[in-house]
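What's in work_19.json: JSON, C-alpha atoms
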[["chain", "number", "residue", "atom", "x", "y", "z"],
["A", 1, "MET", "CA", 0.00, 0.00, 0.00],
["A", 2, "ARG", "CA", 1.01, 3.65, -0.36],
["A", 3, "ALA", "CA", 1.80, 5.59, 2.80],
["A", 4, "VAL", "CA", 3.60, 8.73, 3.91],
["A", 5, "THR", "CA", 6.51, 7.81, 6.17],
["A", 6, "VAL", "CA", 9.27, 9.43, 8.22],
["A", 7, "ARG", "CA", 12.63, 7.80, 8.89],
["A", 8, "ASP", "CA", 15.06, 10.50, 9.99],
["A", 9, "ARG", "CA", 14.13, 12.69, 12.97],
["A", 10, "SER", "CA", 16.86, 15.22, 12.22],
["A", 11, "ALA", "CA", 15.51, 15.79, 8.69],
["A", 12, "GLY", "CA", 12.23, 17.32, 9.89],
["A", 13, "ILE", "CA", 9.64, 17.93, 7.18],
["A", 14, "ALA", "CA", 12.23, 17.09, 4.51],
["A", 15, "GLY", "CA", 12.22, 13.51, 5.81],
["A", 16, "LEU", "CA", 8.59, 12.90, 4.81],
["A", 17, "SER", "CA", 8.12, 10.78, 1.71],
["A", 18, "LEU", "CA", 5.48, 8.74, -0.09],
["A", 19, "THR", "CA", 6.54, 5.09, 0.01],
["A", 20, "GLU", "CA", 5.24, 1.53, -0.26],
["A", 21, "LEU", "CA", 4.56, -0.38, 2.98],
["A", 22, "GLU", "CA", 3.19, -3.78, 3.85],
["A", 23, "HIS", "CA", -0.55, -3.98, 4.45],
["A", 24, "PRO", "CA", -1.24, -3.56, 8.23],
["A", 25, "HIS", "CA", -2.31, -6.49, 10.38],
["A", 26, "ALA", "CA", -5.35, -6.35, 12.69],
["A", 27, "ALA", "CA", -4.25, -7.33, 16.19],
["A", 28, "GLU", "CA", -6.64, -8.34, 18.95],
["A", 29, "ASN", "CA", -9.50, -5.82, 19.29],
["A", 30, "ASP", "CA", -8.26, -3.95, 16.19],
["A", 31, "VAL", "CA", -9.85, -3.18, 12.87],
["A", 32, "VAL", "CA", -8.12, -2.38, 9.60],
["A", 33, "VAL", "CA", -9.63, 0.66, 7.91],
["A", 34, "ARG", "CA", -9.39, 1.59, 4.25],
["A", 35, "VAL", "CA", -8.73, 5.28, 4.72],
["A", 36, "HIS", "CA", -10.85, 7.74, 2.76],
["A", 37, "ALA", "CA", -9.64, 10.96, 4.43],
["A", 38, "ALA", "CA", -7.02, 11.76, 7.04],
["A", 39, "GLY", "CA", -6.06, 14.63, 9.29],
["A", 40, "PHE", "CA", -2.69, 15.42, 10.80],
["A", 41, "THR", "CA", -1.17, 17.80, 13.35],
["A", 42, "PRO", "CA", 1.75, 19.88, 12.01],
["A", 43, "GLY", "CA", 3.79, 19.35, 15.18],
["A", 44, "GLU", "CA", 3.67, 15.54, 15.01],
["A", 45, "LEU", "CA", 7.29, 15.28, 13.88],
["A", 46, "ASP", "CA", 8.31, 16.64, 17.30],
["A", 47, "TRP", "CA", 6.30, 14.09, 19.26],
["A", 48, "PRO", "CA", 8.32, 11.25, 20.86],
["A", 49, "ALA", "CA", 5.59, 8.75, 19.92],
["A", 50, "THR", "CA", 6.21, 9.44, 16.22],
["A", 51, "TRP", "CA", 9.65, 7.87, 16.60],
["A", 52, "THR", "CA", 9.42, 5.27, 19.38],
["A", 53, "ASP", "CA", 6.86, 2.76, 20.60],
["A", 54, "ARG", "CA", 5.53, 2.54, 24.15],
["A", 55, "ALA", "CA", 8.61, 0.56, 25.21],
["A", 56, "GLY", "CA", 10.93, 3.25, 23.89],
["A", 57, "ARG", "CA", 12.09, 1.24, 20.85],
["A", 58, "ASP", "CA", 12.65, 2.85, 17.47],
["A", 59, "ARG", "CA", 9.64, 2.27, 15.22],
["A", 60, "THR", "CA", 10.70, 4.00, 12.03],
["A", 61, "PRO", "CA", 9.69, 4.12, 9.26],
["A", 62, "SER", "CA", 6.53, 5.43, 10.90],
["A", 63, "VAL", "CA", 3.34, 6.81, 9.40],
["A", 64, "PRO", "CA", 2.09, 10.15, 10.81],
["A", 65, "GLY", "CA", -1.52, 11.32, 10.96],
["A", 66, "HIS", "CA", -3.97, 10.27, 13.68],
["A", 67, "GLU", "CA", -7.41, 11.37, 12.46],
["A", 68, "LEU", "CA", -9.25, 9.35, 9.87],
["A", 69, "SER", "CA", -12.48, 8.42, 8.19],
["A", 70, "GLY", "CA", -12.96, 5.33, 6.08],
["A", 71, "VAL", "CA", -14.43, 1.84, 5.86],
["A", 72, "VAL", "CA", -13.67, -1.23, 7.98],
["A", 73, "VAL", "CA", -12.15, -3.98, 5.83],
["A", 74, "GLN", "CA", -10.88, -6.42, 8.47],
["A", 75, "LEU", "CA", -11.62, -7.32, 12.10],
["A", 76, "GLY", "CA", -9.02, -8.52, 14.57],
["A", 77, "TYR", "CA", -9.61, -11.39, 16.98],
["A", 78, "GLY", "CA", -12.18, -10.47, 19.63],
["A", 79, "THR", "CA", -13.22, -7.22, 17.99],
["A", 80, "THR", "CA", -16.82, -6.23, 18.71],
["A", 81, "GLY", "CA", -19.01, -3.23, 18.03],
["A", 82, "LEU", "CA", -17.99, -2.72, 14.38],
["A", 83, "THR", "CA", -18.49, -4.73, 11.20],
["A", 84, "VAL", "CA", -16.70, -5.16, 7.88],
["A", 85, "GLY", "CA", -18.01, -2.62, 5.37],
["A", 86, "GLN", "CA", -19.03, -0.11, 8.03],
["A", 87, "ARG", "CA", -18.14, 3.58, 7.60],
["A", 88, "VAL", "CA", -16.19, 4.86, 10.61],
["A", 89, "PHE", "CA", -14.15, 7.80, 11.82],
["A", 90, "GLY", "CA", -11.96, 8.40, 14.82],
["A", 91, "LEU", "CA", -8.58, 8.75, 16.43],
["A", 92, "GLY", "CA", -5.57, 6.49, 16.01],
["A", 93, "ASP", "CA", -3.06, 5.54, 18.70],
["A", 94, "TRP", "CA", -0.17, 8.00, 19.13],
["A", 95, "ALA", "CA", 2.49, 5.28, 19.17],
["A", 96, "ARG", "CA", 1.30, 3.29, 16.13],
["A", 97, "ASP", "CA", 1.34, 3.93, 12.41],
["A", 98, "GLY", "CA", -1.23, 6.56, 11.58],
["A", 99, "SER", "CA", -3.72, 7.59, 8.96],
["A", 100, "LEU", "CA", -1.63, 9.02, 6.10],
["A", 101, "ALA", "CA", -1.83, 5.67, 4.36],
["A", 102, "GLU", "CA", -4.25, 3.73, 2.22],
["A", 103, "TYR", "CA", -4.91, 1.33, 5.12],
["A", 104, "THR", "CA", -4.32, 1.59, 8.86],
["A", 105, "ALA", "CA", -4.93, -0.60, 11.91],
["A", 106, "VAL", "CA", -6.80, 1.05, 14.79],
["A", 107, "GLU", "CA", -8.22, -0.10, 18.10],
["A", 108, "ALA", "CA", -11.94, -0.53, 17.52],
["A", 109, "ARG", "CA", -12.83, 1.41, 20.67],
["A", 110, "ASN", "CA", -11.19, 4.53, 19.18],
["A", 111, "LEU", "CA", -13.63, 4.61, 16.26],
["A", 112, "ALA", "CA", -17.28, 5.57, 15.94],
["A", 113, "PRO", "CA", -19.80, 4.85, 13.17],
["A", 114, "LEU", "CA", -19.91, 7.53, 10.47],
["A", 115, "PRO", "CA", -23.37, 8.34, 9.10],
["A", 116, "ALA", "CA", -23.74, 8.08, 5.32],
["A", 117, "ASP", "CA", -24.67, 11.75, 4.95],
["A", 118, "VAL", "CA", -21.46, 13.13, 6.54],
["A", 119, "ASP", "CA", -18.63, 13.83, 4.12],
["A", 120, "PRO", "CA", -15.45, 11.90, 4.99],
["A", 121, "THR", "CA", -13.32, 15.05, 4.71],
["A", 122, "VAL", "CA", -15.48, 16.75, 7.35],
["A", 123, "ALA", "CA", -15.35, 13.66, 9.56],
["A", 124, "ALA", "CA", -11.55, 13.54, 9.37],
["A", 125, "ALA", "CA", -11.37, 17.12, 10.68],
["A", 126, "LEU", "CA", -13.40, 16.27, 13.78],
["A", 127, "PRO", "CA", -11.68, 13.72, 16.07],
["A", 128, "ILE", "CA", -8.68, 15.49, 17.64],
["A", 129, "SER", "CA", -10.08, 19.01, 17.49],
["A", 130, "GLY", "CA", -13.59, 18.05, 18.55],
["A", 131, "LEU", "CA", -12.57, 15.78, 21.42],
["A", 132, "THR", "CA", -9.94, 18.28, 22.62],
["A", 133, "ALA", "CA", -12.48, 21.12, 22.59],
["A", 134, "TRP", "CA", -15.10, 19.07, 24.45],
["A", 135, "GLN", "CA", -12.72, 17.61, 27.04],
["A", 136, "GLY", "CA", -11.09, 20.99, 27.65],
["A", 137, "LEU", "CA", -14.36, 22.88, 28.07],
["A", 138, "PHE", "CA", -16.49, 20.38, 29.95],
["A", 139, "ASP", "CA", -14.49, 17.44, 31.33],
["A", 140, "HIS", "CA", -11.63, 19.57, 32.67],
["A", 141, "GLY", "CA", -13.06, 23.11, 32.60],
["A", 142, "HIS", "CA", -16.55, 22.25, 33.95],
["A", 143, "LEU", "CA", -18.10, 24.98, 31.80],
["A", 144, "THR", "CA", -21.80, 25.60, 32.42],
["A", 145, "THR", "CA", -24.53, 27.94, 31.17],
["A", 146, "GLY", "CA", -23.96, 31.59, 31.99],
["A", 147, "ARG", "CA", -20.21, 31.27, 32.65],
["A", 148, "THR", "CA", -17.62, 33.22, 30.67],
["A", 149, "VAL", "CA", -14.90, 31.39, 28.73],
["A", 150, "LEU", "CA", -11.84, 32.85, 27.01],
["A", 151, "ILE", "CA", -10.76, 30.70, 24.05],
["A", 152, "HIS", "CA", -7.34, 31.31, 22.54],
["A", 153, "GLY", "CA", -6.74, 30.45, 18.88],
["A", 154, "ALA", "CA", -10.48, 30.71, 18.30],
["A", 155, "ALA", "CA", -10.22, 30.38, 14.52],
["A", 156, "GLY", "CA", -8.03, 27.26, 14.67],
["A", 157, "GLY", "CA", -9.05, 23.62, 14.59],
["A", 158, "VAL", "CA", -9.64, 23.24, 18.34],
["A", 159, "GLY", "CA", -10.64, 26.82, 19.02],
["A", 160, "SER", "CA", -13.27, 27.07, 16.29],
["A", 161, "LEU", "CA", -15.07, 23.98, 17.56],
["A", 162, "ALA", "CA", -14.70, 25.12, 21.17],
["A", 163, "VAL", "CA", -16.37, 28.44, 20.33],
["A", 164, "GLN", "CA", -19.35, 26.62, 18.83],
["A", 165, "LEU", "CA", -19.65, 24.11, 21.66],
["A", 166, "ALA", "CA", -19.39, 26.77, 24.36],
["A", 167, "HIS", "CA", -21.94, 28.99, 22.61],
["A", 168, "ASP", "CA", -24.32, 26.05, 22.25],
["A", 169, "ALA", "CA", -23.95, 25.37, 25.99],
["A", 170, "GLY", "CA", -25.12, 28.89, 26.81],
["A", 171, "ALA", "CA", -21.77, 30.30, 27.90],
["A", 172, "ARG", "CA", -20.48, 33.79, 27.13],
["A", 173, "VAL", "CA", -17.60, 33.29, 24.71],
["A", 174, "ILE", "CA", -14.58, 35.53, 24.13],
["A", 175, "GLY", "CA", -12.32, 34.40, 21.29],
["A", 176, "THR", "CA", -8.79, 35.52, 20.51],
["A", 177, "GLY", "CA", -6.63, 35.39, 17.41],
["A", 178, "ARG", "CA", -5.25, 37.59, 14.66],
["A", 179, "ALA", "CA", -7.27, 40.54, 13.39],
["A", 180, "HIS", "CA", -8.22, 38.85, 10.10],
["A", 181, "SER", "CA", -10.00, 36.10, 12.06],
["A", 182, "ARG", "CA", -12.42, 38.46, 13.80],
["A", 183, "GLU", "CA", -15.44, 37.92, 11.53],
["A", 184, "THR", "CA", -14.87, 34.17, 11.38],
["A", 185, "VAL", "CA", -14.81, 33.85, 15.16],
["A", 186, "LEU", "CA", -17.82, 36.10, 15.71],
["A", 187, "GLY", "CA", -19.68, 34.18, 13.00],
["A", 188, "LEU", "CA", -19.09, 30.94, 14.91],
["A", 189, "GLY", "CA", -20.93, 32.33, 17.92],
["A", 190, "ALA", "CA", -18.37, 34.25, 19.97],
["A", 191, "ASP", "CA", -19.75, 37.24, 21.87],
["A", 192, "ALA", "CA", -16.49, 39.19, 21.61],
["A", 193, "PHE", "CA", -13.13, 38.99, 19.86],
["A", 194, "VAL", "CA", -9.68, 40.08, 21.04],
["A", 195, "ASP", "CA", -6.85, 40.69, 18.58],
["A", 196, "LEU", "CA", -3.78, 39.44, 20.44],
["A", 197, "HIS", "CA", -1.55, 41.79, 18.43],
["A", 198, "GLY", "CA", -3.70, 44.92, 18.58],
["A", 199, "ASP", "CA", -5.83, 44.71, 21.74],
["A", 200, "ARG", "CA", -4.89, 44.50, 25.41],
["A", 201, "LEU", "CA", -5.57, 41.05, 26.81],
["A", 202, "GLU", "CA", -5.89, 42.52, 30.29],
["A", 203, "ASP", "CA", -8.89, 44.64, 29.20],
["A", 204, "ILE", "CA", -11.08, 41.52, 28.92],
["A", 205, "GLY", "CA", -11.90, 41.46, 32.61],
["A", 206, "GLU", "CA", -12.51, 38.37, 34.71],
["A", 207, "VAL", "CA", -13.47, 35.03, 33.18],
["A", 208, "ASP", "CA", -14.46, 31.67, 34.63],
["A", 209, "LEU", "CA", -12.43, 29.54, 32.23],
["A", 210, "VAL", "CA", -9.48, 29.95, 29.89],
["A", 211, "LEU", "CA", -9.05, 27.34, 27.15],
["A", 212, "ASP", "CA", -5.52, 27.73, 25.80],
["A", 213, "VAL", "CA", -3.78, 26.22, 22.77],
["A", 214, "LEU", "CA", -0.86, 28.68, 22.59],
["A", 215, "GLY", "CA", 1.17, 28.41, 25.78],
["A", 216, "GLY", "CA", 4.04, 30.77, 26.60],
["A", 217, "GLU", "CA", 3.45, 34.38, 27.61],
["A", 218, "ILE", "CA", -0.20, 34.35, 26.54],
["A", 219, "LEU", "CA", -0.92, 31.44, 28.86],
["A", 220, "ASP", "CA", 0.94, 33.13, 31.73],
["A", 221, "ARG", "CA", -0.91, 36.44, 31.30],
["A", 222, "SER", "CA", -4.28, 34.74, 30.94],
["A", 223, "THR", "CA", -3.99, 33.21, 34.39],
["A", 224, "ALA", "CA", -4.47, 36.62, 36.01],
["A", 225, "LEU", "CA", -7.88, 36.94, 34.32],
["A", 226, "VAL", "CA", -9.38, 33.90, 36.04],
["A", 227, "ARG", "CA", -11.75, 34.77, 38.88],
["A", 228, "ALA", "CA", -11.74, 32.85, 42.16],
["A", 229, "GLY", "CA", -12.83, 29.28, 41.65],
["A", 230, "GLY", "CA", -12.09, 29.41, 37.93],
["A", 231, "THR", "CA", -9.83, 27.27, 35.77],
["A", 232, "VAL", "CA", -7.10, 27.51, 33.16],
["A", 233, "VAL", "CA", -7.04, 24.53, 30.79],
["A", 234, "THR", "CA", -4.22, 24.17, 28.26],
["A", 235, "ILE", "CA", -3.00, 21.64, 25.73],
["A", 236, "ALA", "CA", 0.18, 23.58, 24.93],
["A", 237, "GLU", "CA", 2.41, 22.95, 27.97],
["A", 238, "PRO", "CA", 2.19, 22.41, 31.72],
["A", 239, "PRO", "CA", 1.19, 25.79, 33.24],
["A", 240, "ARG", "CA", 4.00, 27.72, 34.91],
["A", 241, "VAL", "CA", 1.56, 30.02, 36.72],
["A", 242, "ARG", "CA", -1.62, 29.02, 38.50],
["A", 243, "PRO", "CA", -4.62, 31.27, 39.09],
["A", 244, "GLU", "CA", -5.09, 32.50, 42.63],
["A", 245, "ASN", "CA", -7.85, 30.44, 44.25],
["A", 246, "GLY", "CA", -8.31, 28.50, 41.01],
["A", 247, "ARG", "CA", -7.12, 25.46, 39.07],
["A", 248, "ALA", "CA", -4.66, 24.96, 36.21],
["A", 249, "VAL", "CA", -4.94, 21.83, 34.04],
["A", 250, "PHE", "CA", -2.72, 20.49, 31.26],
["A", 251, "PHE", "CA", -4.09, 17.51, 29.34],
["A", 252, "VAL", "CA", -3.69, 15.36, 26.26],
["A", 253, "VAL", "CA", -6.82, 14.39, 24.36],
["A", 254, "GLU", "CA", -8.17, 10.86, 24.87],
["A", 255, "PRO", "CA", -10.25, 8.72, 22.49],
["A", 256, "ASP", "CA", -13.96, 8.54, 23.29],
["A", 257, "ARG", "CA", -16.37, 6.68, 20.99],
["A", 258, "ALA", "CA", -19.52, 7.96, 22.68],
["A", 259, "ARG", "CA", -18.37, 11.56, 22.45],
["A", 260, "LEU", "CA", -17.39, 11.17, 18.79],
["A", 261, "SER", "CA", -20.91, 9.93, 18.10],
["A", 262, "ASP", "CA", -22.32, 12.98, 19.89],
["A", 263, "LEU", "CA", -20.07, 15.35, 17.94],
["A", 264, "VAL", "CA", -21.01, 13.90, 14.58],
["A", 265, "ARG", "CA", -24.71, 14.18, 15.50],
["A", 266, "ARG", "CA", -24.12, 17.87, 16.10],
["A", 267, "VAL", "CA", -22.51, 18.12, 12.65],
["A", 268, "ARG", "CA", -25.55, 16.46, 11.06],
["A", 269, "ASP", "CA", -27.89, 18.80, 12.96],
["A", 270, "GLY", "CA", -25.99, 21.88, 11.78],
["A", 271, "ARG", "CA", -24.93, 22.77, 15.33],
["A", 272, "LEU", "CA", -21.22, 22.14, 14.72],
["A", 273, "ARG", "CA", -19.08, 22.96, 11.70],
["A", 274, "PRO", "CA", -15.42, 21.94, 11.43],
["A", 275, "LEU", "CA", -13.43, 24.49, 9.43],
["A", 276, "VAL", "CA", -11.90, 22.50, 6.58],
["A", 277, "GLY", "CA", -9.16, 24.25, 4.62],
["A", 278, "ASP", "CA", -7.18, 22.61, 1.83],
["A", 279, "VAL", "CA", -8.12, 19.10, 0.72],
["A", 280, "ARG", "CA", -5.10, 17.43, -0.89],
["A", 281, "PRO", "CA", -4.30, 14.00, -2.34],
["A", 282, "LEU", "CA", -2.01, 11.61, -0.47],
["A", 283, "SER", "CA", 0.85, 12.42, -2.83],
["A", 284, "GLU", "CA", 0.83, 16.03, -1.57],
["A", 285, "ALA", "CA", 0.73, 15.16, 2.14],
["A", 286, "PRO", "CA", 4.49, 15.73, 2.73],
["A", 287, "ASP", "CA", 4.23, 19.21, 1.22],
["A", 288, "ALA", "CA", 1.16, 19.99, 3.35],
["A", 289, "PHE", "CA", 3.25, 19.85, 6.56],
["A", 290, "ALA", "CA", 5.26, 22.94, 5.51],
["A", 291, "PRO", "CA", 4.17, 25.99, 7.59],
["A", 292, "GLY", "CA", 3.97, 28.32, 4.59],
["A", 293, "LYS", "CA", 1.82, 25.90, 2.59],
["A", 294, "ARG", "CA", -1.17, 25.67, 4.96],
["A", 295, "ALA", "CA", -4.38, 27.58, 4.25],
["A", 296, "PRO", "CA", -6.86, 28.72, 6.94],
["A", 297, "GLY", "CA", -8.84, 25.82, 8.35],
["A", 298, "LYS", "CA", -7.70, 22.25, 8.87],
["A", 299, "THR", "CA", -5.87, 20.62, 5.98],
["A", 300, "ILE", "CA", -7.32, 17.22, 5.11],
["A", 301, "ILE", "CA", -5.68, 14.54, 3.00],
["A", 302, "ARG", "CA", -8.06, 12.75, 0.64],
["A", 303, "VAL", "CA", -6.64, 9.23, 0.44],
["A", 304, "ALA", "CA", -9.38, 7.39, -1.46],
["A", 305, "GLU", "CA", -12.86, 8.08, -2.77],
["A", 306, "ASP", "CA", -15.79, 7.28, -0.50]]

As structure tokens, how would this structure be written, given the file I've shared?
Amino acid sequence: MRAVTVRDRSAGIAGLSLTELEHPHAAENDVVVRVHAAGFTPGELDWPATWTDRAGRDRTPSVPGHELSGVVVQLGYGTTGLTVGQRVFGLGDWARDGSLAEYTAVEARNLAPLPADVDPTVAAALPISGLTAWQGLFDHGHLTTGRTVLIHGAAGGVGSLAVQLAHDAGARVIGTGRAHSRETVLGLGADAFVDLHGDRLEDIGEVDLVLDVLGGEILDRSTALVRAGGTVVTIAEPPRVRPENGRAVFFVVEPDRARLSDLVRRVRDGRLRPLVGDVRPLSEAPDAFAPGKRAPGKTIIRVAED
């Protein structure tokens, strides 16, 4: 099968190439999926799990990409809950070969059924960003109706979905980003927008929750905005500063079949819209990792036709 692989950590993006690999094997509780569309995270080449398995052993050549939609073509021993021929989408394991390939093996529990009326490119943009947004807002941030949430990177993959989910939950939403994203963020349901390069972050006032994807100075400064009993939640780095009389949480997204099913229902109902940017063929996936080559929205790799 064709797959995008990396072999040399020091080569960075230049080490990505389209190669031929053996067809994956379905281990116990796995399924093999014929991939229709795949998503990736630009920073994956810096993740330790891209290069080593859970025991710390080199696993190159490895296949990046951890979001996918496609069709189940094989069941591993003991696999339940899915059937051959079923459309699915979900999140692959960090320390296994990923979705930038014609076929990939995934734990069945990490996948959810994909309704026939949801485009596979939209589905592939949903798993990491949607689960991260939900878990950050509600599982870790305990956001409820009437509370105020500050969402950094509100036009990005995670932020754009978080704005919509928080708005739908009845929260007051303040989004941040670059000035050109203002109308996009307000159109997604934010009540206010802050240009991080032109507006003063400190003028926002107190908030109940900060959802951060940026880290660094912005994360540090945001902590001072959290009112007593509030929370800072970040996926960028462990917080260096904690809010006074509040909580600070750093987390990594976890697979959740039930939540994926809920998110895709929201997509079907028109209550949630992933922002899809470029859609490229598998042959252009290595080029899509380059920072200057990415368009607004999440880049999706179309691997095969539905």

Step by step: start from the point (-9.0, 32.2, 20.4) in the file's coordinates, keep every protein, DNA or RNA residue that has an atom no farther than 12 Å from it, count all atoms listed in the file, and write the set as a PyMOL selection string. chain A and resi 133+149-164+173-179+181-182+184-186+188+190-196+201+210-214+218-219+222

Give one line per residue of range 66-182 of chain A that approaches range 278-291 of chain A to at most 9 Å, naming the two atoms of the closest pair and their distance in Å to one decimal, counting only C-alpha atoms; sort by chain then ascending residue number and deliver it as a Markdown table.
| residue | atom | partner | partner_atom | distance |
| --- | --- | --- | --- | --- |
| A:Leu100 | CA | A:Leu282 | CA | 7.1 |
| A:Ala101 | CA | A:Leu282 | CA | 7.7 |
| A:Glu102 | CA | A:Leu282 | CA | 8.6 |
| A:Thr121 | CA | A:Val279 | CA | 7.7 |

All residues 9 Å or closer to Val252 in chain A, only C-alpha atoms, same chain fewer than 2 positions away omitted, as a VMD selection string: chain A and resid 132 235 250 254

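Neighbours of range 58-65 of chain A closer than or equal to 8 Å, with only C-alpha atoms counted and sequence neighbours fewer than 6 positions away skipped, come out as A:Ala3, A:Val4, A:Thr5, A:Val6, A:Arg7, A:Ala38, A:Gly39, A:Phe40, A:Thr41, A:Glu44, A:Leu45, A:Thr50, A:Trp51, A:Thr52, A:Arg96, A:Asp97, A:Gly98, A:Ser99, A:Leu100, A:Ala101.
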
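The environment of range 242-249 of chain A within 8 Å, counting only C-alpha atoms and disregarding residues fewer than 5 places along the same chain, consists of A:His140, A:Thr223, A:Ala224, A:Val226, A:Arg227, A:Ala228, A:Gly229, A:Gly230, A:Thr231, A:Val232, A:Val233, A:Thr234.
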
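When only C-alpha atoms are used to measure the gap to Ala166 in chain A, the shortest distance among A:Leu209, A:Leu225, A:Ile128, A:Val84 belongs to A:Leu209.
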
Please report, as a Markdown table, each residue of range 166-273 of chain A lying at most 9 Å from range 87-90 of chain A, together with the nearest pair of atoms and the separation in Å rounded to one decimal; use only C-alpha atoms, and order rows by chain and ascending residue number.
| residue | atom | partner | partner_atom | distance |
| --- | --- | --- | --- | --- |
| A:Pro255 | CA | A:Gly90 | CA | 7.9 |
| A:Asp256 | CA | A:Gly90 | CA | 8.7 |
| A:Arg257 | CA | A:Gly90 | CA | 7.8 |
| A:Leu260 | CA | A:Gly90 | CA | 7.3 |

Which residues of range 34-102 of chain A come within 10 Å of range 107-116 of chain A, and for each one, what is the closest pair of atoms and their distance in Å to one decimal, counting all atoms listed in the file, sorted by chain and residue number, as a tab-separated table?
residue	atom	partner	partner_atom	distance
A:Glu67	CA	A:Leu111	CA	9.9
A:Leu68	CA	A:Leu111	CA	9.1
A:Ser69	CA	A:Leu114	CA	7.8
A:Gly70	CA	A:Leu114	CA	8.5
A:Val71	CA	A:Leu114	CA	9.1
A:Val72	CA	A:Ala108	CA	9.7
A:Leu75	CA	A:Ala108	CA	8.7
A:Gly76	CA	A:Ala108	CA	9.0
A:Thr79	CA	A:Ala108	CA	6.8
A:Thr80	CA	A:Ala108	CA	7.6
A:Gly81	CA	A:Ala108	CA	7.6
A:Leu82	CA	A:Ala108	CA	7.2
A:Thr83	CA	A:Pro113	CA	9.9
A:Gln86	CA	A:Pro113	CA	7.2
A:Arg87	CA	A:Leu114	CA	5.2
A:Val88	CA	A:Pro113	CA	4.4
A:Phe89	CA	A:Leu111	CA	5.5
A:Gly90	CA	A:Leu111	CA	4.4
A:Leu91	CA	A:Asn110	CA	5.7
A:Gly92	CA	A:Asn110	CA	6.7
A:Asp93	CA	A:Glu107	CA	7.7

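When CA of Gly189 in chain A is paired with CA of Leu263 in chain A, their separation reads 17.0 Å.
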
Distance of CA of Ala124 in chain A from CA of Gly43 in chain A, expressed in Å to one decimal place: 17.4 Å

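Coordinates place CA of Arg221 in chain A at a distance of 19.3 Å from CA of Phe251 in chain A.
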